[in-house]
$ cat model17.cif   # mmCIF, C-alpha atoms (C1' of nucleotides)
data_final
loop_
_atom_site.label_atom_id
_atom_site.label_comp_id
_atom_site.auth_asym_id
_atom_site.auth_seq_id
_atom_site.Cartn_x
_atom_site.Cartn_y
_atom_site.Cartn_z
CA MET L 1 24.38 -11.91 24.93
CA SER L 2 27.63 -9.95 24.64
CA ASP L 3 25.94 -8.06 21.86
CA ARG L 4 28.10 -5.82 19.80
CA ILE L 5 25.09 -5.91 17.52
CA SER L 6 22.26 -3.61 18.59
CA ALA L 7 18.68 -4.03 17.48
CA ASP L 8 18.24 -0.28 17.13
CA SER L 9 20.23 0.02 13.93
CA PHE L 10 18.07 -2.75 12.48
CA LEU L 11 14.90 -1.01 13.59
CA ALA L 12 16.01 2.28 12.09
CA THR L 13 16.84 0.55 8.82
CA PHE L 14 13.53 -1.29 8.72
CA ALA L 15 11.67 1.93 9.48
CA ARG L 16 13.45 3.66 6.63
CA LEU L 17 13.28 0.95 3.96
CA GLY L 18 10.72 -1.59 5.14
CA PHE L 19 11.39 -5.25 5.88
CA ARG L 20 11.31 -6.16 2.22
CA LYS L 21 13.71 -3.66 0.78
CA ALA L 22 16.18 -3.63 3.65
CA SER L 23 18.93 -5.94 2.46
CA MET L 24 21.36 -7.80 4.66
CA GLU L 25 24.02 -5.44 3.33
CA ASP L 26 21.97 -2.40 4.40
CA LEU L 27 21.50 -3.95 7.83
CA ALA L 28 25.18 -4.86 8.17
CA ARG L 29 26.31 -1.39 7.17
CA ALA L 30 23.90 0.22 9.64
CA ALA L 31 25.11 -2.10 12.39
CA GLY L 32 28.74 -1.48 11.52
CA VAL L 33 29.56 -5.13 10.87
CA SER L 34 29.99 -7.36 7.86
CA ARG L 35 27.20 -9.16 6.11
CA GLN L 36 28.71 -12.48 7.12
CA ALA L 37 28.71 -11.50 10.76
CA LEU L 38 24.92 -11.26 10.50
CA TYR L 39 24.68 -14.69 8.90
CA ASN L 40 26.95 -16.13 11.60
CA ARG L 41 24.78 -14.60 14.27
CA PHE L 42 21.26 -15.07 12.88
CA GLY L 43 21.44 -17.66 10.14
CA SER L 44 18.92 -15.94 7.90
CA LYS L 45 17.23 -12.62 7.26
CA THR L 46 13.92 -14.00 8.51
CA ALA L 47 15.53 -14.99 11.80
CA LEU L 48 17.11 -11.55 12.11
CA VAL L 49 13.76 -9.84 11.57
CA ASP L 50 12.02 -12.11 14.08
CA TRP L 51 14.72 -11.58 16.69
CA THR L 52 14.62 -7.82 16.25
CA MET L 53 10.86 -7.52 16.46
CA LYS L 54 10.56 -9.85 19.42
CA LEU L 55 13.19 -7.80 21.20
CA LEU L 56 11.30 -4.59 20.46
CA VAL L 57 8.08 -5.95 21.90
CA ASP L 58 9.76 -7.46 24.94
CA ARG L 59 11.73 -4.32 25.62
CA SER L 60 8.70 -2.03 25.27
CA LEU L 61 6.62 -4.19 27.58
CA ALA L 62 9.43 -4.44 30.13
CA GLU L 63 9.90 -0.69 30.17
CA ALA L 64 6.17 -0.10 30.44
CA LEU L 65 5.90 -2.48 33.40
CA ARG L 66 8.94 -0.89 35.02
CA SER L 67 7.42 2.58 34.67
CA LEU L 68 4.22 1.26 36.16
CA ASP L 69 6.04 -0.02 39.23
CA ASN L 70 8.05 3.12 39.85
CA PRO L 71 7.38 3.68 43.57
CA GLY L 72 8.29 7.36 43.54
CA ALA L 73 5.58 8.54 41.16
CA THR L 74 1.84 9.16 41.33
CA LEU L 75 -0.55 6.70 39.71
CA ALA L 76 -1.30 9.16 36.91
CA ALA L 77 2.38 9.66 36.17
CA ARG L 78 3.02 5.93 36.21
CA LEU L 79 0.16 5.19 33.83
CA LEU L 80 1.29 7.94 31.51
CA ALA L 81 4.87 6.68 31.49
CA ALA L 82 3.75 3.11 30.86
CA LEU L 83 1.51 4.06 27.95
CA ASP L 84 4.23 6.24 26.53
CA ALA L 85 6.73 3.40 26.70
CA TRP L 86 4.26 1.00 25.15
CA ALA L 87 2.80 3.14 22.36
CA GLY L 88 4.06 6.73 22.33
CA GLN L 89 7.72 5.89 21.88
CA HIS L 90 7.01 4.44 18.46
CA MET L 91 5.53 7.57 16.93
CA THR L 92 8.86 8.68 15.51
CA MET L 93 9.34 5.37 13.71
CA LEU L 94 5.74 5.44 12.58
CA ARG L 95 6.28 8.83 10.98
CA ALA L 96 9.79 8.14 9.69
CA SER L 97 8.60 6.81 6.34
CA PRO L 98 5.70 4.94 4.73
CA HIS L 99 7.38 1.80 6.06
CA GLY L 100 7.28 2.99 9.65
CA VAL L 101 4.06 1.10 10.29
CA GLU L 102 5.78 -2.21 9.72
CA VAL L 103 8.08 -1.55 12.63
CA ALA L 104 5.62 0.17 14.96
CA VAL L 105 3.89 -3.13 15.63
CA MET L 106 2.37 -2.10 18.94
CA VAL L 107 0.11 0.36 17.17
CA ALA L 108 -0.36 -1.55 13.93
CA PRO L 109 -3.91 -2.24 12.74
CA GLU L 110 -3.57 -6.02 13.03
CA PRO L 111 -1.04 -6.86 15.72
CA GLY L 112 0.45 -10.34 15.85
CA GLU L 113 -0.06 -12.73 18.70
CA ALA L 114 3.14 -11.67 20.46
CA VAL L 115 1.97 -8.07 20.59
CA ARG L 116 -1.56 -8.97 21.67
CA SER L 117 -0.18 -11.14 24.45
CA ALA L 118 2.14 -8.41 25.67
CA GLU L 119 -0.69 -5.90 25.52
CA ARG L 120 -2.91 -8.15 27.63
CA LYS L 121 -0.18 -8.26 30.27
CA LEU L 122 0.20 -4.50 30.25
CA VAL L 123 -3.55 -3.92 30.55
CA ALA L 124 -3.74 -6.39 33.42
CA ALA L 125 -0.87 -4.67 35.20
CA MET L 126 -2.46 -1.26 34.66
CA ALA L 127 -5.77 -2.52 36.02
CA ASN L 128 -3.95 -3.82 39.05
CA ALA L 129 -2.21 -0.51 39.62
CA ILE L 130 -5.54 1.32 39.43
CA ARG L 131 -7.11 -1.13 41.85
CA LEU L 132 -4.25 -0.70 44.32
CA SER L 133 -3.84 3.06 44.32
CA GLY L 134 -6.69 4.49 42.29
CA PRO L 135 -9.71 6.34 43.67
CA GLY L 136 -12.23 4.05 45.28
CA ALA L 137 -14.92 4.81 42.75
CA LEU L 138 -12.77 3.34 40.01
CA VAL L 139 -11.79 0.07 41.67
CA SER L 140 -14.77 -1.85 40.32
CA ARG L 141 -14.11 -0.59 36.82
CA ALA L 142 -10.33 -0.84 36.87
CA GLY L 143 -10.31 -3.46 34.12
CA SER L 144 -12.39 -1.52 31.61
CA MET L 145 -10.55 1.63 32.54
CA ALA L 146 -7.16 0.10 31.82
CA GLN L 147 -8.41 -1.26 28.50
CA ALA L 148 -9.87 2.10 27.55
CA LEU L 149 -6.63 3.87 28.41
CA CYS L 150 -4.59 1.44 26.37
CA TRP L 151 -6.79 1.86 23.31
CA THR L 152 -6.83 5.60 23.82
CA ALA L 153 -3.06 5.71 23.83
CA LYS L 154 -2.79 3.53 20.75
CA GLY L 155 -5.34 5.73 19.09
CA LEU L 156 -3.64 8.98 20.04
CA VAL L 157 -0.52 7.71 18.32
CA HIS L 158 -2.40 7.94 15.05
CA ALA L 159 -4.42 11.06 15.80
CA ALA L 160 -1.89 13.31 17.51
CA PRO L 161 0.38 15.36 15.26
CA ASP L 162 3.56 14.67 17.24
CA HIS L 163 4.97 13.00 20.33
CA ALA L 164 4.72 16.12 22.44
CA SER L 165 0.98 16.51 21.89
CA PHE L 166 0.55 12.78 22.36
CA ARG L 167 1.95 13.13 25.88
CA ARG L 168 0.06 16.33 26.57
CA GLU L 169 -3.35 14.98 25.59
CA LEU L 170 -2.80 11.62 27.23
CA GLU L 171 -1.73 13.36 30.42
CA LEU L 172 -4.90 15.42 30.33
CA ILE L 173 -7.07 12.35 29.94
CA VAL L 174 -5.31 10.20 32.50
CA GLY L 175 -5.32 13.08 34.96
CA ALA L 176 -9.00 13.86 34.48
CA LEU L 177 -9.87 10.20 34.67
CA LEU L 178 -8.19 9.70 38.03
CA ALA L 179 -9.11 13.02 39.64
CA ARG L 180 -11.80 12.20 42.15
CA MET Z 1 -31.13 18.87 -5.49
CA SER Z 2 -33.92 16.55 -6.52
CA ASP Z 3 -31.34 13.80 -6.23
CA ARG Z 4 -32.34 10.44 -7.50
CA ILE Z 5 -28.63 9.79 -7.17
CA SER Z 6 -27.47 9.07 -3.63
CA ALA Z 7 -23.89 9.42 -2.48
CA ASP Z 8 -24.14 6.29 -0.37
CA SER Z 9 -23.99 3.89 -3.28
CA PHE Z 10 -20.85 5.67 -4.44
CA LEU Z 11 -19.31 5.50 -0.99
CA ALA Z 12 -20.04 1.80 -0.71
CA THR Z 13 -18.51 1.19 -4.12
CA PHE Z 14 -15.42 3.23 -3.30
CA ALA Z 15 -15.03 1.41 0.02
CA ARG Z 16 -15.23 -1.93 -1.77
CA LEU Z 17 -13.02 -1.22 -4.76
CA GLY Z 18 -11.10 1.96 -4.00
CA PHE Z 19 -11.26 5.20 -5.98
CA ARG Z 20 -8.94 3.88 -8.64
CA LYS Z 21 -10.59 0.61 -9.49
CA ALA Z 22 -14.17 1.74 -9.15
CA SER Z 23 -15.23 2.41 -12.74
CA MET Z 24 -18.01 4.72 -13.84
CA GLU Z 25 -19.90 1.60 -14.85
CA ASP Z 26 -19.53 0.14 -11.34
CA LEU Z 27 -20.73 3.41 -9.86
CA ALA Z 28 -23.66 3.67 -12.28
CA ARG Z 29 -24.78 0.11 -11.61
CA ALA Z 30 -24.57 0.65 -7.84
CA ALA Z 31 -26.57 3.85 -8.16
CA GLY Z 32 -29.13 2.21 -10.43
CA VAL Z 33 -28.64 4.62 -13.28
CA SER Z 34 -26.84 4.64 -16.59
CA ARG Z 35 -23.24 5.60 -17.03
CA GLN Z 36 -24.27 8.56 -19.14
CA ALA Z 37 -26.52 9.84 -16.39
CA LEU Z 38 -23.39 10.18 -14.25
CA TYR Z 39 -21.57 12.08 -16.98
CA ASN Z 40 -24.58 14.36 -17.46
CA ARG Z 41 -24.67 15.05 -13.76
CA PHE Z 42 -20.98 15.27 -12.83
CA GLY Z 43 -19.03 15.76 -16.03
CA SER Z 44 -16.14 13.56 -14.99
CA LYS Z 45 -15.13 10.85 -12.58
CA THR Z 46 -12.90 13.25 -10.68
CA ALA Z 47 -15.82 15.62 -10.16
CA LEU Z 48 -18.01 12.75 -8.98
CA VAL Z 49 -15.40 11.67 -6.43
CA ASP Z 50 -14.95 15.23 -5.17
CA TRP Z 51 -18.69 15.79 -4.86
CA THR Z 52 -19.17 12.53 -2.97
CA MET Z 53 -16.35 13.11 -0.52
CA LYS Z 54 -17.32 16.70 0.15
CA LEU Z 55 -20.85 15.55 0.84
CA LEU Z 56 -19.60 12.90 3.26
CA VAL Z 57 -17.58 15.42 5.23
CA ASP Z 58 -20.34 18.02 5.26
CA ARG Z 59 -22.95 15.49 6.26
CA SER Z 60 -20.83 14.02 9.07
CA LEU Z 61 -20.06 17.43 10.49
CA ALA Z 62 -23.70 18.52 10.25
CA GLU Z 63 -24.87 15.40 12.05
CA ALA Z 64 -22.20 15.80 14.72
CA LEU Z 65 -23.18 19.39 15.35
CA ARG Z 66 -26.87 18.45 15.44
CA SER Z 67 -26.17 15.71 18.01
CA LEU Z 68 -24.24 18.22 20.04
CA ASP Z 69 -27.18 20.60 20.13
CA ASN Z 70 -29.79 18.02 21.04
CA PRO Z 71 -31.53 19.74 23.99
CA GLY Z 72 -32.98 16.55 25.43
CA ALA Z 73 -29.71 14.80 26.24
CA THR Z 74 -26.98 15.10 28.84
CA LEU Z 75 -23.65 16.67 27.92
CA ALA Z 76 -21.94 13.28 28.01
CA ALA Z 77 -24.52 11.75 25.70
CA ARG Z 78 -24.30 14.67 23.31
CA LEU Z 79 -20.50 14.52 23.14
CA LEU Z 80 -20.62 10.79 22.59
CA ALA Z 81 -23.18 11.12 19.81
CA ALA Z 82 -21.21 13.89 18.13
CA LEU Z 83 -17.95 11.93 18.21
CA ASP Z 84 -19.72 8.86 16.95
CA ALA Z 85 -21.22 10.78 14.06
CA TRP Z 86 -17.88 12.33 13.22
CA ALA Z 87 -15.56 9.34 13.57
CA GLY Z 88 -17.28 6.17 14.79
CA GLN Z 89 -19.74 5.91 11.94
CA HIS Z 90 -16.92 5.31 9.48
CA MET Z 91 -15.53 2.21 11.15
CA THR Z 92 -17.60 -0.10 8.97
CA MET Z 93 -16.28 1.47 5.79
CA LEU Z 94 -12.79 1.48 7.23
CA ARG Z 95 -13.02 -2.26 7.82
CA ALA Z 96 -14.92 -3.10 4.64
CA SER Z 97 -11.80 -3.68 2.58
CA PRO Z 98 -8.19 -2.55 2.24
CA HIS Z 99 -9.62 0.43 0.35
CA GLY Z 100 -11.83 1.50 3.23
CA VAL Z 101 -9.22 4.00 4.41
CA GLU Z 102 -9.60 6.02 1.25
CA VAL Z 103 -13.22 6.68 2.06
CA ALA Z 104 -12.95 7.08 5.82
CA VAL Z 105 -11.27 10.45 5.42
CA MET Z 106 -12.17 11.74 8.87
CA VAL Z 107 -9.87 9.20 10.47
CA ALA Z 108 -7.25 9.04 7.72
CA PRO Z 109 -3.61 9.59 8.68
CA GLU Z 110 -3.27 12.75 6.60
CA PRO Z 111 -6.64 14.47 6.30
CA GLY Z 112 -7.17 17.08 3.61
CA GLU Z 113 -7.90 20.71 4.33
CA ALA Z 114 -11.67 20.20 4.11
CA VAL Z 115 -11.55 17.57 6.84
CA ARG Z 116 -9.20 19.60 9.03
CA SER Z 117 -11.44 22.62 8.72
CA ALA Z 118 -14.56 20.64 9.62
CA GLU Z 119 -12.74 19.07 12.55
CA ARG Z 120 -11.74 22.48 13.88
CA LYS Z 121 -15.39 23.52 13.79
CA LEU Z 122 -16.47 20.40 15.64
CA VAL Z 123 -13.81 20.81 18.33
CA ALA Z 124 -14.80 24.44 18.80
CA ALA Z 125 -18.45 23.47 19.15
CA MET Z 126 -17.60 20.73 21.64
CA ALA Z 127 -15.50 23.13 23.68
CA ASN Z 128 -18.43 25.50 23.72
CA ALA Z 129 -20.81 22.79 24.86
CA ILE Z 130 -18.44 21.85 27.69
CA ARG Z 131 -18.12 25.48 28.71
CA LEU Z 132 -21.88 25.94 28.77
CA SER Z 133 -22.99 22.81 30.59
CA GLY Z 134 -19.85 21.06 31.80
CA PRO Z 135 -18.64 20.92 35.39
CA GLY Z 136 -17.13 24.16 36.59
CA ALA Z 137 -13.70 22.67 37.05
CA LEU Z 138 -13.50 21.92 33.34
CA VAL Z 139 -14.56 25.30 31.98
CA SER Z 140 -11.05 26.69 31.88
CA ARG Z 141 -9.77 23.62 30.07
CA ALA Z 142 -12.74 23.11 27.76
CA GLY Z 143 -10.65 23.73 24.65
CA SER Z 144 -7.94 21.16 25.41
CA MET Z 145 -10.58 18.77 26.63
CA ALA Z 146 -12.52 18.94 23.39
CA GLN Z 147 -9.35 18.47 21.37
CA ALA Z 148 -8.32 15.49 23.48
CA LEU Z 149 -11.73 13.90 23.10
CA CYS Z 150 -11.69 14.34 19.35
CA TRP Z 151 -8.27 12.75 19.00
CA THR Z 152 -9.25 10.00 21.37
CA ALA Z 153 -12.29 9.18 19.27
CA LYS Z 154 -10.29 9.19 16.05
CA GLY Z 155 -7.75 6.99 17.72
CA LEU Z 156 -10.29 4.56 19.10
CA VAL Z 157 -11.54 4.02 15.57
CA HIS Z 158 -8.21 2.39 14.84
CA ALA Z 159 -7.67 0.70 18.16
CA ALA Z 160 -11.12 -0.69 18.96
CA PRO Z 161 -12.05 -4.02 17.41
CA ASP Z 162 -15.55 -2.98 16.38
CA HIS Z 163 -18.10 -0.19 16.51
CA ALA Z 164 -19.77 -1.51 19.64
CA SER Z 165 -16.57 -1.41 21.69
CA PHE Z 166 -15.75 1.95 20.17
CA ARG Z 167 -18.94 3.35 21.65
CA ARG Z 168 -18.50 1.50 24.94
CA GLU Z 169 -14.96 2.70 25.57
CA LEU Z 170 -15.66 6.23 24.41
CA GLU Z 171 -18.71 6.37 26.66
CA LEU Z 172 -16.56 5.26 29.57
CA ILE Z 173 -13.99 7.95 28.91
CA VAL Z 174 -16.44 10.76 28.26
CA GLY Z 175 -18.42 9.78 31.34
CA ALA Z 176 -15.38 9.60 33.58
CA LEU Z 177 -14.07 12.86 32.21
CA LEU Z 178 -17.24 14.78 32.99
CA ALA Z 179 -18.10 13.16 36.31
CA ARG Z 180 -17.25 15.72 38.94
"C1'" DC C 1 -32.81 14.43 -18.80
"C1'" DA C 2 -32.79 9.74 -19.12
"C1'" DT C 3 -31.11 5.40 -21.84
"C1'" DG C 4 -28.49 2.53 -25.30
"C1'" DT C 5 -25.09 2.15 -28.82
"C1'" DA C 6 -20.86 3.50 -30.78
"C1'" DC C 7 -16.13 5.03 -30.74
"C1'" DA C 8 -11.38 7.16 -30.32
"C1'" DA C 9 -7.82 8.22 -27.00
"C1'" DA C 10 -5.80 7.14 -22.72
"C1'" DA C 11 -4.90 4.22 -19.00
"C1'" DT C 12 -4.47 -0.35 -16.97
"C1'" DT C 13 -3.40 -5.06 -17.14
"C1'" DG C 14 -0.98 -9.29 -18.56
"C1'" DA C 15 2.62 -11.86 -20.51
"C1'" DT C 16 7.34 -12.37 -21.33
"C1'" DA C 17 12.00 -11.94 -21.72
"C1'" DT C 18 16.18 -9.61 -19.76
"C1'" DA C 19 18.93 -7.35 -16.41
"C1'" DT C 20 20.09 -6.56 -11.67
"C1'" DT C 21 19.96 -7.44 -6.74
"C1'" DT C 22 19.85 -10.33 -2.96
"C1'" DT C 23 20.10 -14.50 -0.37
"C1'" DG C 24 22.53 -18.08 1.55
"C1'" DT C 25 26.75 -20.93 1.47
"C1'" DA C 26 31.66 -21.80 0.95
"C1'" DC C 27 36.31 -20.84 1.65
"C1'" DA C 28 40.64 -18.32 2.59
"C1'" DT C 29 42.46 -15.37 6.11
"C1'" DG C 30 43.60 -12.83 10.74
"C1'" DC E 1 34.30 -15.13 15.43
"C1'" DA E 2 35.27 -11.54 12.52
"C1'" DT E 3 36.29 -9.97 7.46
"C1'" DG E 4 36.68 -10.17 2.27
"C1'" DT E 5 35.99 -12.56 -1.96
"C1'" DA E 6 33.47 -15.68 -4.71
"C1'" DC E 7 29.40 -17.90 -6.49
"C1'" DA E 8 24.96 -20.42 -7.63
"C1'" DA E 9 20.01 -20.14 -6.97
"C1'" DA E 10 16.18 -17.38 -6.02
"C1'" DA E 11 13.89 -13.21 -5.90
"C1'" DT E 12 13.20 -8.36 -7.73
"C1'" DA E 13 13.31 -4.91 -10.79
"C1'" DT E 14 13.05 -3.08 -15.70
"C1'" DA E 15 11.58 -2.97 -20.49
"C1'" DT E 16 8.52 -4.11 -24.04
"C1'" DC E 17 4.49 -5.23 -26.63
"C1'" DA E 18 -0.17 -7.00 -27.17
"C1'" DA E 19 -4.79 -7.31 -25.09
"C1'" DT E 20 -8.21 -5.32 -22.32
"C1'" DT E 21 -10.61 -1.85 -19.77
"C1'" DT E 22 -11.98 2.66 -18.99
"C1'" DT E 23 -12.72 7.42 -19.86
"C1'" DG E 24 -14.96 10.96 -22.09
"C1'" DT E 25 -17.72 12.44 -26.10
"C1'" DA E 26 -21.19 12.02 -29.73
"C1'" DC E 27 -25.50 10.77 -31.43
"C1'" DA E 28 -30.05 8.56 -31.96
"C1'" DT E 29 -34.14 7.83 -29.22
"C1'" DG E 30 -38.18 8.21 -25.65
#
$ encode --input "model17.cif" --output "structure tokens"
Amino acid sequence: MSDRISADSFLATFARLGFRKASMEDLARAAGVSRQALYNRFGSKTALVDWTMKLLVDRSLAEALRSLDNPGATLAARLLAALDAWAGQHMTMLRASPHGVEVAVMVAPEPGEAVRSAERKLVAAMANAIRLSGPGALVSRAGSMAQALCWTAKGLVHAAPDHASFRRELELIVGALLAR
Amino acid sequence: MSDRISADSFLATFARLGFRKASMEDLARAAGVSRQALYNRFGSKTALVDWTMKLLVDRSLAEALRSLDNPGATLAARLLAALDAWAGQHMTMLRASPHGVEVAVMVAPEPGEAVRSAERKLVAAMANAIRLSGPGALVSRAGSMAQALCWTAKGLVHAAPDHASFRRELELIVGALLAR
DNA sequence: CATGTACAAAATTGATATATTTTGTACATG
DNA sequence: CATGTACAAAATATATCAATTTTGTACATG
């Protein structure tokens, strides 16, 4: 709760070294605490990894849903922001090293149940947003549309050369999709 | 030229075992010829691999361009067919085994120069097709649109669970993008 | 040109023993 | 609760040598 320990230093370390090779000493150094502090807090390395990854998924989903609810923005902008929070944000980690994939779980080839569950929630929320403020012609296909957008975003993460083009292309697609 | 030897048996073998572990004997057996026939024809394993992969890229591009030129189909159908030929077709190999990625070069994370060059040609041809028969509003953005579609397709290969949903989602996106 | 056999050189694999690192716990200390 | 030191057990990494596979070439044959 009163966390002096941030998950981000763990994530950076995992992205650089991979879960396997990142030792508790590496993680402690990166977090600026002692190795024993980590054992006091988490009990084991496995627990630390689980905590960190759960937090990443939860945080990404929360931010995506928040972006989606932003009342001041257009539907296109909200969808773009949500997809960026969910998938785009992790491009840097994905590209950081060969181990980046381990950390970028939202775009990994075989996501775990936690990720799939979070993704279902995001897609449902996106479908809802489209139904509420999208063009009439799309209302009946809001579900498929949201799913397609989510997969497109996840895909663009792999296909686009960098985060900037990820946003640019996704913006183009979302915009064209909603322009009626 | 008068090829009794087909590249497909090689591709299947590579997808199953990977370039490294696929031996000349494996490749010969799969092709239904003797090991020495392969050495007569290709000289070395490296040359055989290169020939096979070049042929895959050339063939995929050729089929994509042919689909794009099909005079009997709508623009949306032609784009879908081209993207399927270029990227979608390789999903089965990609999923065949952990080594599938080696063979599915068109959707690999770091494509070689041959693939990048072929992809540029495809994107240019798609942009041209959009310019020629796309809705007027898209003409000025045909280039970005073609690029976005190509990346989307490559991405969907990773994100979609199977080839059928790949086609379904891509069809949805292409259709929505062109409907004006 | 194709096949089958044969073969040397190189590469890969497997087994095994020996460091070295890392995990998890304990304890003394502020 | 945090740090530093200490330590046993487990996991990893490193080195080595023998066994096996694979590559590439040669040659005899249809």
$ interface_residues --input "model17.cif" --of "chain C" --to "chain Z" --cutoff "10 Å" --atoms "all atoms listed in the file" --output "JSON, numbers by chain"
{"C": [1, 2, 3, 4, 12]}
$ residues_near_point --input "model17.cif" --point "(-0.3, 13.3, 25.3)" --cutoff "12 Å" --atoms "all atoms listed in the file" --output "PyMOL selection string"
(chain L and resi 77+79-81+83-84+87-89+91+149+152-175) or (chain Z and resi 144-145+147-149+151-152)
$ resolve_selection --input "model17.cif" --expression "the PyMOL selection byres ((chain E) within 12 of (chain Z))" --output "list in words"
DT21, DT22, DT23, DG24, DT25 and DA26 of chain E
$ axis_aligned_box --input "model17.cif" --around "segment 14-17 of chain E" --padding-each-side "5 Å" --output "AutoDock Vina command-line options"
--center_x 8.8 --center_y -4.1 --center_z -21.2 --size_x 18.6 --size_y 12.3 --size_z 20.9
$ atom_distance --input "model17.cif" --atom1 "atom CA of Asp69 of chain L" --atom2 "atom CA of Val107 of chain L"
22.8 Å
$ closest_residue --input "model17.cif" --among "Z:Ala146, Z:Pro109, Z:Gly134, Z:Met126" --to "chain L" --atoms "only C-alpha atoms"
Z:Pro109
$ closest_atom_pairs --input "model17.cif" --of "chain E" --to "segment 16-25 of chain C" --cutoff "10 Å" --atoms "all atoms listed in the file" --output "tab-separated table"
residue	atom	partner	partner_atom	distance
E:DC7	C1'	C:DT25	C1'	8.9
E:DA8	C1'	C:DT25	C1'	9.3
E:DA9	C1'	C:DT23	C1'	8.7
E:DA10	C1'	C:DT23	C1'	7.5
E:DA11	C1'	C:DT22	C1'	7.2
E:DT12	C1'	C:DT21	C1'	6.9
E:DA13	C1'	C:DT20	C1'	7.0
E:DT14	C1'	C:DA19	C1'	7.3
E:DA15	C1'	C:DT18	C1'	8.1
E:DT16	C1'	C:DT16	C1'	8.8
E:DC17	C1'	C:DT16	C1'	9.3
$ write_last_selection --input "model17.cif" --atoms "C-alpha atoms (C1' of nucleotides)" --output "mmCIF file, in the coordinates of the input"
data_model
loop_
_atom_site.group_PDB
_atom_site.id
_atom_site.type_symbol
_atom_site.label_atom_id
_atom_site.label_comp_id
_atom_site.auth_asym_id
_atom_site.auth_seq_id
_atom_site.Cartn_x
_atom_site.Cartn_y
_atom_site.Cartn_z
ATOM 1 C "C1'" DC E 7 29.400 -17.900 -6.490
ATOM 2 C "C1'" DA E 8 24.960 -20.420 -7.630
ATOM 3 C "C1'" DA E 9 20.010 -20.140 -6.970
ATOM 4 C "C1'" DA E 10 16.180 -17.380 -6.020
ATOM 5 C "C1'" DA E 11 13.890 -13.210 -5.900
ATOM 6 C "C1'" DT E 12 13.200 -8.360 -7.730
ATOM 7 C "C1'" DA E 13 13.310 -4.910 -10.790
ATOM 8 C "C1'" DT E 14 13.050 -3.080 -15.700
ATOM 9 C "C1'" DA E 15 11.580 -2.970 -20.490
ATOM 10 C "C1'" DT E 16 8.520 -4.110 -24.040
ATOM 11 C "C1'" DC E 17 4.490 -5.230 -26.630
#
